[in-house]
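Asks: Take a look at this one; I'll ask things after.
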Amino acid sequence: MENNYQYSTEDLQARDRAHVIHSFSDLSALKEDNCTVMTGSDGIYVKDSDGNQFIDGIGGLWCVNIGYGREEMIEAIADQLRQIPFYSSFTNLTNAPSVELASKIASLAPGNLNRMFFGTGGSMANDTAVRIAHHYFNRIGKPEKKHIISRQHAYHGSTYMAMSMTGPIYHTGWDVENNIVHHVSAPYSYRRPDGMSMSEFCDSLIAELEAKIVDLGAENVAAFIAEPLMGAGGVIVPPPGYQRRTWDVCQKYGVLYISDEVVTAFARLGHMFASKDMFDVQPDILVCAKGISSGYQPLSATLISDDIYEAISAPGGAFYHGFTYSGHPAACAAGLKNIEIMEREDICGRVKKTGPYFEKMLNGLCDLDIVGEVRGSHFMMCIENVANKDTKELLPMEADVGKRVHKHCQARGLIVRPLGHLNILSPTLILEESDIDQMGEILRASIKATMDDLSKEGVL
Ligand SMILES: Cc1ncc(COP(=O)(O)O)c(C=O)c1O
């Protein structure tokens, strides 16, 4: 793994502090902290500007599904840039890779999700989903259908509407749209009310969704938006049957079902799309990004059903929506090559075998005193750290347990993501069992080191 340039880490860190605003960060702490500058990558590994190598346990940010350093990806992108680096898909213009990619994705997507709108990220794709849902109801003569139901702990992105649909934990200090966006409870099985069985919990969530639609008036509700498994809100795995039952409720009341598969699509759970294959849900709108290009280029797609497309393409209206970089040829070329690699290497089949091994390794950590729950599926996993496993009581916020585990892991050559008291793992999908064993050893040592720190400080 060669770095192409010689960096001065201190210089980059100083100029980073001076000029770069980081996503989802404590800007005040970053005035003092030194950032890790990633400068190299290969396969499952990334390397920092000081030459330290890490297993990338977070796949960039749930996105580098096929792993790093794929020469054929780089070639496909460069080839496209040589041919024509950019042309838009405004009005009657198009470019070859966007046509090829749309056809390919339509052939893989469940049911009649045959039309898609390309963007450059998940937030934009979710905003597009809402705009299209609203436009659809305007076009079919139901303009009052505007309300959107989302869930606590959802993460749908950082544009205004996507953040409004994201769970309120991220709203503190920011303004969001709250006239038409509503949140029902998250299907947070681990923290369900004491004494409630999983099936009772599921019943209560379904009843709550139905009551919310009835309360708002089904004639006013455009859509319910849901990630099949909730990602950035803490890898929340709903009780069995929940996804299908939420879909049934939407069907009953004529509410569109938007499935946010930004994380789950493109093999992270062992399927190109999880909605139908894993949860028997046929979305009206399906949103994907991240794994669609394995992060080699910014790309997203909002897929819509034929029914919606027929309505919005009927004579008498115009589709006033579009971005300069929708269907960017180099990004679409990356998407096409990425899918070709996934199919050729049977990445889904591979994930179906190595994913359960990854889950088993992580579940093996449950004997540690602060590991309250390990949850998730395949390569979308999370460790919930607690002070007391019986009561599920949390450690004090100041203990910053997720960050401590992350730091201990990084010192041992593994990147994991801290999220409050949680640690999230979303690695590349090409891990071998031996890599997973190594990650297990690092995690165990790092959680133990965290426990030692906390007990020395009298927190545990
Ligand atoms: C489920 C989900 N939806 C949407 C987004 C937003 O995607 P982006 O950051 O590409 O805008 C994310 C990002 O993590 C996500 O996890």
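Labeling convention for the structure tokens: chains A, B, ... as they appear, residues from 1 per chain, ligands from 1 in order of appearance.
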Where does DSSP see strand (DSSP E) in region 161-235 of chain A, if you list the residues as a list in words?

Replies: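 The strand (DSSP E) residues within region 161-235 of chain A come out as Val181, His182, His183, Val184, Val221, Ala222, Ala223, Phe224, Ile225 and Ala226 of chain A.
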
Asks: Once you count only C-alpha atoms and all ligand atoms, which residues end up within 6 Å of ligand 1, and could you hand them over as a list in words?

Replies: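 After applying the 6 Å limit, what remains is Gly121, Gly122, Ser123, Tyr155, His156, Gly157, Glu227, Gly231, Ala232, Asp260, Val262 and Val263 of chain A.
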
Asks: Please report the interatomic distance between CA of Val181 (chain A) and CA of Ile148 (chain A) in Å with one decimal.

Replies: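 Interatomic distance, CA of Val181 (chain A) to CA of Ile148 (chain A): 4.9 Å.
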
Asks: One number please: CA of Thr166 (chain A) to CA of Arg151 (chain A), in Å, one decimal.

Replies: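 We find that CA of Thr166 (chain A) and CA of Arg151 (chain A) lie 7.5 Å from each other.
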
Asks: Considering only C-alpha atoms, return as JSON, numbers by chain whatever protein or nucleic-acid residues lie within 7 Å of Asn220 (chain A), sequence-local ones (same chain, fewer than 5 positions apart) excluded.

Replies: {"A": [144, 145, 146, 147]}

Asks: Compare A:Ile424, A:Leu256, A:Ile77, A:Val287 by their minimum atom-to-atom distance to Ala109 (chain A), counting only C-alpha atoms, and give me the closest one.

Replies: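 So, comparing all the options, the nearest one is A:Val287.
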
Asks: When distances are computed from only C-alpha atoms, which of A:Glu177, A:Gly316, A:Ile169, A:Ala129 shows the smallest separation from Ile225 (chain A)?

Replies: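 Smallest separation from Ile225 (chain A) among the options: A:Ala129.
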
Asks: Each residue of region 307-365 of chain A lying at most 10 Å from region 88-107 of chain A should get a row with its shortest atom-to-atom pair and the distance in Å to one decimal, counting only C-alpha atoms; could you produce that, ordered by chain and increasing number, as CSV?

Replies:
residue,atom,partner,partner_atom,distance
A:Phe319,CA,A:Thr91,CA,9.6
A:His321,CA,A:Phe90,CA,9.5
A:Gly322,CA,A:Phe90,CA,7.2
A:Phe323,CA,A:Phe90,CA,8.3
A:Thr324,CA,A:Ser88,CA,6.2
A:Tyr325,CA,A:Ser88,CA,6.6
A:Ser326,CA,A:Ser89,CA,6.7
A:Gly327,CA,A:Ser98,CA,5.3
A:His328,CA,A:Ser88,CA,6.9
A:Pro329,CA,A:Pro97,CA,5.5
A:Ala330,CA,A:Pro97,CA,7.8
A:Ala331,CA,A:Pro97,CA,8.5
A:Cys332,CA,A:Pro97,CA,5.3
A:Ala333,CA,A:Pro97,CA,5.4
A:Ala334,CA,A:Pro97,CA,8.9
A:Gly335,CA,A:Leu101,CA,6.8
A:Leu336,CA,A:Leu101,CA,5.5
A:Lys337,CA,A:Leu101,CA,9.3
A:Ile339,CA,A:Lys104,CA,8.6
A:Glu340,CA,A:Lys104,CA,9.7

Asks: Can you write just those residues out, N, CA and C atoms, as a short mmCIF file (atom, residue, chain, number, x, y, z; two decimals), in the first residue's frame?

Replies:
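See again_23.cif below for the written result:
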data_model
loop_
_atom_site.label_atom_id
_atom_site.label_comp_id
_atom_site.auth_asym_id
_atom_site.auth_seq_id
_atom_site.Cartn_x
_atom_site.Cartn_y
_atom_site.Cartn_z
N PHE A 319 -41.68 18.02 -14.62
CA PHE A 319 -40.86 17.51 -13.52
C PHE A 319 -39.78 18.54 -13.20
N HIS A 321 -37.43 19.22 -11.11
CA HIS A 321 -36.52 18.71 -10.09
C HIS A 321 -35.26 18.26 -10.80
N GLY A 322 -34.10 18.56 -10.29
CA GLY A 322 -32.89 18.11 -10.98
C GLY A 322 -31.66 18.78 -10.41
N PHE A 323 -30.55 18.08 -10.52
CA PHE A 323 -29.28 18.60 -10.03
C PHE A 323 -28.24 18.50 -11.15
N THR A 324 -27.36 19.46 -11.18
CA THR A 324 -26.31 19.45 -12.22
C THR A 324 -25.68 18.05 -12.33
N TYR A 325 -25.38 17.47 -11.19
CA TYR A 325 -24.61 16.22 -11.22
C TYR A 325 -25.47 14.95 -11.16
N SER A 326 -26.80 15.08 -11.38
CA SER A 326 -27.64 13.88 -11.47
C SER A 326 -27.17 13.05 -12.67
N GLY A 327 -26.91 11.78 -12.42
CA GLY A 327 -26.49 10.90 -13.52
C GLY A 327 -25.10 11.24 -14.03
N HIS A 328 -24.23 11.71 -13.15
CA HIS A 328 -22.86 12.05 -13.57
C HIS A 328 -22.21 10.83 -14.21
N PRO A 329 -21.65 11.01 -15.43
CA PRO A 329 -21.16 9.83 -16.15
C PRO A 329 -20.07 9.05 -15.41
N ALA A 330 -19.14 9.76 -14.76
CA ALA A 330 -18.06 9.03 -14.07
C ALA A 330 -18.61 8.28 -12.87
N ALA A 331 -19.59 8.88 -12.17
CA ALA A 331 -20.18 8.21 -11.01
C ALA A 331 -20.98 6.98 -11.47
N CYS A 332 -21.71 7.13 -12.58
CA CYS A 332 -22.49 5.99 -13.09
C CYS A 332 -21.58 4.89 -13.61
N ALA A 333 -20.45 5.28 -14.21
CA ALA A 333 -19.48 4.27 -14.66
C ALA A 333 -18.97 3.49 -13.45
N ALA A 334 -18.74 4.21 -12.35
CA ALA A 334 -18.29 3.54 -11.12
C ALA A 334 -19.38 2.59 -10.62
N GLY A 335 -20.63 3.04 -10.65
CA GLY A 335 -21.74 2.19 -10.20
C GLY A 335 -21.85 0.91 -11.02
N LEU A 336 -21.69 1.08 -12.32
CA LEU A 336 -21.79 -0.10 -13.21
C LEU A 336 -20.68 -1.11 -12.93
N LYS A 337 -19.46 -0.61 -12.84
CA LYS A 337 -18.33 -1.51 -12.59
C LYS A 337 -18.46 -2.17 -11.22
N ILE A 339 -21.19 -2.94 -9.60
CA ILE A 339 -22.19 -4.03 -9.65
C ILE A 339 -21.62 -5.22 -10.41
N GLU A 340 -20.86 -4.92 -11.47
CA GLU A 340 -20.23 -6.03 -12.23
C GLU A 340 -19.31 -6.84 -11.30
#

Asks: Pick out the residues sitting within 9 Å of Ile236 (chain A), and hand them over as an MDAnalysis selection string; count only C-alpha atoms, and ignore anything fewer than 2 positions along from it in its own chain.

Replies: chainID A and resid 153 186:190 229:234 238 375:376 382

Asks: Pull N, CA and C atoms from the residues just selected and write them as a short mmCIF file (atom, residue, chain, number, x, y, z; two decimals), in the first residue's frame.

Replies:
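Everything below was put into out08.cif:
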data_model
loop_
_atom_site.label_atom_id
_atom_site.label_comp_id
_atom_site.auth_asym_id
_atom_site.auth_seq_id
_atom_site.Cartn_x
_atom_site.Cartn_y
_atom_site.Cartn_z
N HIS A 153 -34.94 7.89 16.19
CA HIS A 153 -33.68 7.18 15.89
C HIS A 153 -33.43 6.96 14.39
N ALA A 186 -39.22 4.30 17.75
CA ALA A 186 -38.27 3.41 17.06
C ALA A 186 -38.53 1.97 17.51
N PRO A 187 -38.31 1.01 16.63
CA PRO A 187 -38.48 -0.39 17.01
C PRO A 187 -37.26 -0.91 17.79
N TYR A 188 -36.96 -0.21 18.88
CA TYR A 188 -35.72 -0.45 19.64
C TYR A 188 -35.94 -1.62 20.59
N SER A 189 -35.82 -2.81 20.06
CA SER A 189 -36.20 -4.01 20.80
C SER A 189 -35.47 -4.13 22.14
N TYR A 190 -34.17 -3.83 22.16
CA TYR A 190 -33.38 -3.99 23.39
C TYR A 190 -33.91 -3.10 24.51
N LEU A 229 -33.26 -1.92 8.47
CA LEU A 229 -32.66 -1.95 9.81
C LEU A 229 -32.15 -0.54 10.01
N MET A 230 -32.38 0.04 11.18
CA MET A 230 -31.97 1.44 11.37
C MET A 230 -30.45 1.47 11.54
N GLY A 231 -29.79 2.38 10.82
CA GLY A 231 -28.34 2.40 10.83
C GLY A 231 -27.75 3.35 11.85
N ALA A 232 -27.59 4.61 11.44
CA ALA A 232 -26.86 5.58 12.26
C ALA A 232 -27.58 5.92 13.57
N GLY A 233 -28.83 5.49 13.70
CA GLY A 233 -29.54 5.68 14.97
C GLY A 233 -29.19 4.59 15.98
N GLY A 234 -28.27 3.68 15.62
CA GLY A 234 -27.82 2.66 16.57
C GLY A 234 -28.04 1.23 16.10
N PRO A 238 -35.59 -4.25 14.29
CA PRO A 238 -36.99 -4.34 14.76
C PRO A 238 -37.38 -5.75 15.15
N ARG A 375 -25.88 -6.36 18.33
CA ARG A 375 -27.04 -6.54 17.45
C ARG A 375 -26.70 -6.13 16.01
N GLY A 376 -27.60 -6.52 15.14
CA GLY A 376 -27.43 -6.18 13.74
C GLY A 376 -27.54 -7.42 12.89
N CYS A 382 -23.55 -3.55 15.70
CA CYS A 382 -23.35 -2.53 16.72
C CYS A 382 -23.16 -3.20 18.09
#

Asks: Neighbouring residues of Val184 (chain A) were defined as those with any atom within 12 Å, considering only C-alpha atoms; residues of the same chain fewer than 5 positions away were excluded. Please report them as a list in words.

Replies: Ile148, Ile149, Ser150, Arg151, Gln152, His153, Ala154, Met165, Thr166, Gly167, Pro168, Ser204, Leu205, Ile206, Ala207, Glu208, Leu209, Glu210, Ala211, Lys212, Ile213, Phe224, Ile225, Ala226 and Thr246 of chain A

Asks: Could those selected residues go to a file with C-alpha atoms, as a PDB file, in the first residue's frame?

Replies:
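Result saved to selection-v3.pdb:
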ATOM      1  CA  ILE A 148     -44.550  12.224   6.262  1.00  0.00           C
ATOM      2  CA  ILE A 149     -44.229   9.742   9.104  1.00  0.00           C
ATOM      3  CA  SER A 150     -40.733   8.793  10.196  1.00  0.00           C
ATOM      4  CA  ARG A 151     -39.354   7.250  13.394  1.00  0.00           C
ATOM      5  CA  GLN A 152     -37.324   8.224  16.421  1.00  0.00           C
ATOM      6  CA  HIS A 153     -33.680   7.180  15.886  1.00  0.00           C
ATOM      7  CA  ALA A 154     -34.077   7.306  12.097  1.00  0.00           C
ATOM      8  CA  MET A 165     -37.159  13.094   8.928  1.00  0.00           C
ATOM      9  CA  THR A 166     -34.109  12.034  10.932  1.00  0.00           C
ATOM     10  CA  GLY A 167     -34.828  11.319  14.598  1.00  0.00           C
ATOM     11  CA  PRO A 168     -35.044  14.302  16.984  1.00  0.00           C
ATOM     12  CA  SER A 204     -47.673  -1.751  20.108  1.00  0.00           C
ATOM     13  CA  LEU A 205     -45.478  -0.229  17.378  1.00  0.00           C
ATOM     14  CA  ILE A 206     -47.904  -1.224  14.652  1.00  0.00           C
ATOM     15  CA  ALA A 207     -50.824   0.160  16.646  1.00  0.00           C
ATOM     16  CA  GLU A 208     -48.902   3.415  17.151  1.00  0.00           C
ATOM     17  CA  LEU A 209     -48.230   3.804  13.426  1.00  0.00           C
ATOM     18  CA  GLU A 210     -51.856   3.084  12.577  1.00  0.00           C
ATOM     19  CA  ALA A 211     -53.058   5.529  15.234  1.00  0.00           C
ATOM     20  CA  LYS A 212     -50.733   8.229  13.882  1.00  0.00           C
ATOM     21  CA  ILE A 213     -52.116   7.814  10.352  1.00  0.00           C
ATOM     22  CA  PHE A 224     -43.983   6.467   5.772  1.00  0.00           C
ATOM     23  CA  ILE A 225     -40.192   6.370   5.524  1.00  0.00           C
ATOM     24  CA  ALA A 226     -38.121   3.616   7.110  1.00  0.00           C
ATOM     25  CA  THR A 246     -45.735  -1.493   8.770  1.00  0.00           C
TER      26      THR A 246
END

Asks: As number ranges by chain, please: every residue in region 164-281 of chain A that DSSP puts in alpha helix (DSSP H).

Replies: A: 164-165, 198-216, 242-253, 274-279

Asks: Give me the residues near Ser199 (chain A) as a compact mmCIF listing (two decimals) with N, CA and C atoms, in the first residue's frame, where near means some atom within 10 Å (using only C-alpha atoms) and where sequence neighbours in that chain fewer than 6 positions away do not count.

Replies:
# COMPACT_ATOMS: atom_id res chain seq x y z
N LEU A 205 -46.04 -1.13 18.40
CA LEU A 205 -45.48 -0.23 17.38
C LEU A 205 -46.41 -0.10 16.17
N PRO A 239 -38.47 -5.89 15.91
CA PRO A 239 -38.95 -7.23 16.24
C PRO A 239 -39.39 -7.96 14.96
N PRO A 240 -39.34 -9.30 14.98
CA PRO A 240 -39.69 -10.05 13.78
C PRO A 240 -41.07 -9.65 13.26
N GLY A 241 -41.16 -9.49 11.95
CA GLY A 241 -42.44 -9.21 11.30
C GLY A 241 -42.80 -7.74 11.22
N TYR A 242 -42.03 -6.90 11.93
CA TYR A 242 -42.36 -5.47 12.02
C TYR A 242 -42.40 -4.79 10.64

Asks: Extract, using only C-alpha atoms, all DNA, RNA and protein residues at most 9 Å from region 406-419 of chain A, discarding same-chain residues fewer than 5 positions from it, and format them as a list in words.

Replies: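 The residues that qualify are Tyr45, Asn52, Gln53, Phe54, Ile55, Asp56, Gly57, Ile58, Leu61, Ala232, Gly233, Gly234, Asp400, Val401, Ile424, Leu425, Ser426, Pro427, Met439, Ile442, Leu443, Ala445, Ser446, Ile447, Ala449 and Thr450 of chain A.
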
Asks: Region 224-267 of chain A near region 342-361 of chain A within 12 Å: what's each residue's closest atom pair and its distance in Å to one decimal, counting only C-alpha atoms, ordered by chain then ascending residue number, as CSV?

Replies:
residue,atom,partner,partner_atom,distance
A:Thr264,CA,A:Cys348,CA,11.8
A:Ala265,CA,A:Cys348,CA,10.5
A:Phe266,CA,A:Cys348,CA,8.1
A:Ala267,CA,A:Cys348,CA,5.1

Asks: Choose the residue, out of A:Gly111, A:Pro298, A:Gly458, A:Gly291, that has the smallest atom-to-atom separation from Asn338 (chain A); count only C-alpha atoms.

Replies: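 Counting only C-alpha atoms, the residue closest to Asn338 (chain A) is A:Gly291.
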
Asks: May I have a table of the residues of region 340-378 of chain A lying at most 12 Å from region 392-398 of chain A, giving each one's closest pair of atoms and their distance in Å to one decimal, counting only C-alpha atoms, ordered by chain and ascending residue number, as JSON lines?

Replies:
{"residue": "A:Asp369", "atom": "CA", "partner": "A:Lys392", "partner_atom": "CA", "distance": 11.4}
{"residue": "A:Ile370", "atom": "CA", "partner": "A:Leu395", "partner_atom": "CA", "distance": 9.0}
{"residue": "A:Val371", "atom": "CA", "partner": "A:Lys392", "partner_atom": "CA", "distance": 9.8}
{"residue": "A:Gly372", "atom": "CA", "partner": "A:Lys392", "partner_atom": "CA", "distance": 6.7}
{"residue": "A:Glu373", "atom": "CA", "partner": "A:Lys392", "partner_atom": "CA", "distance": 9.2}
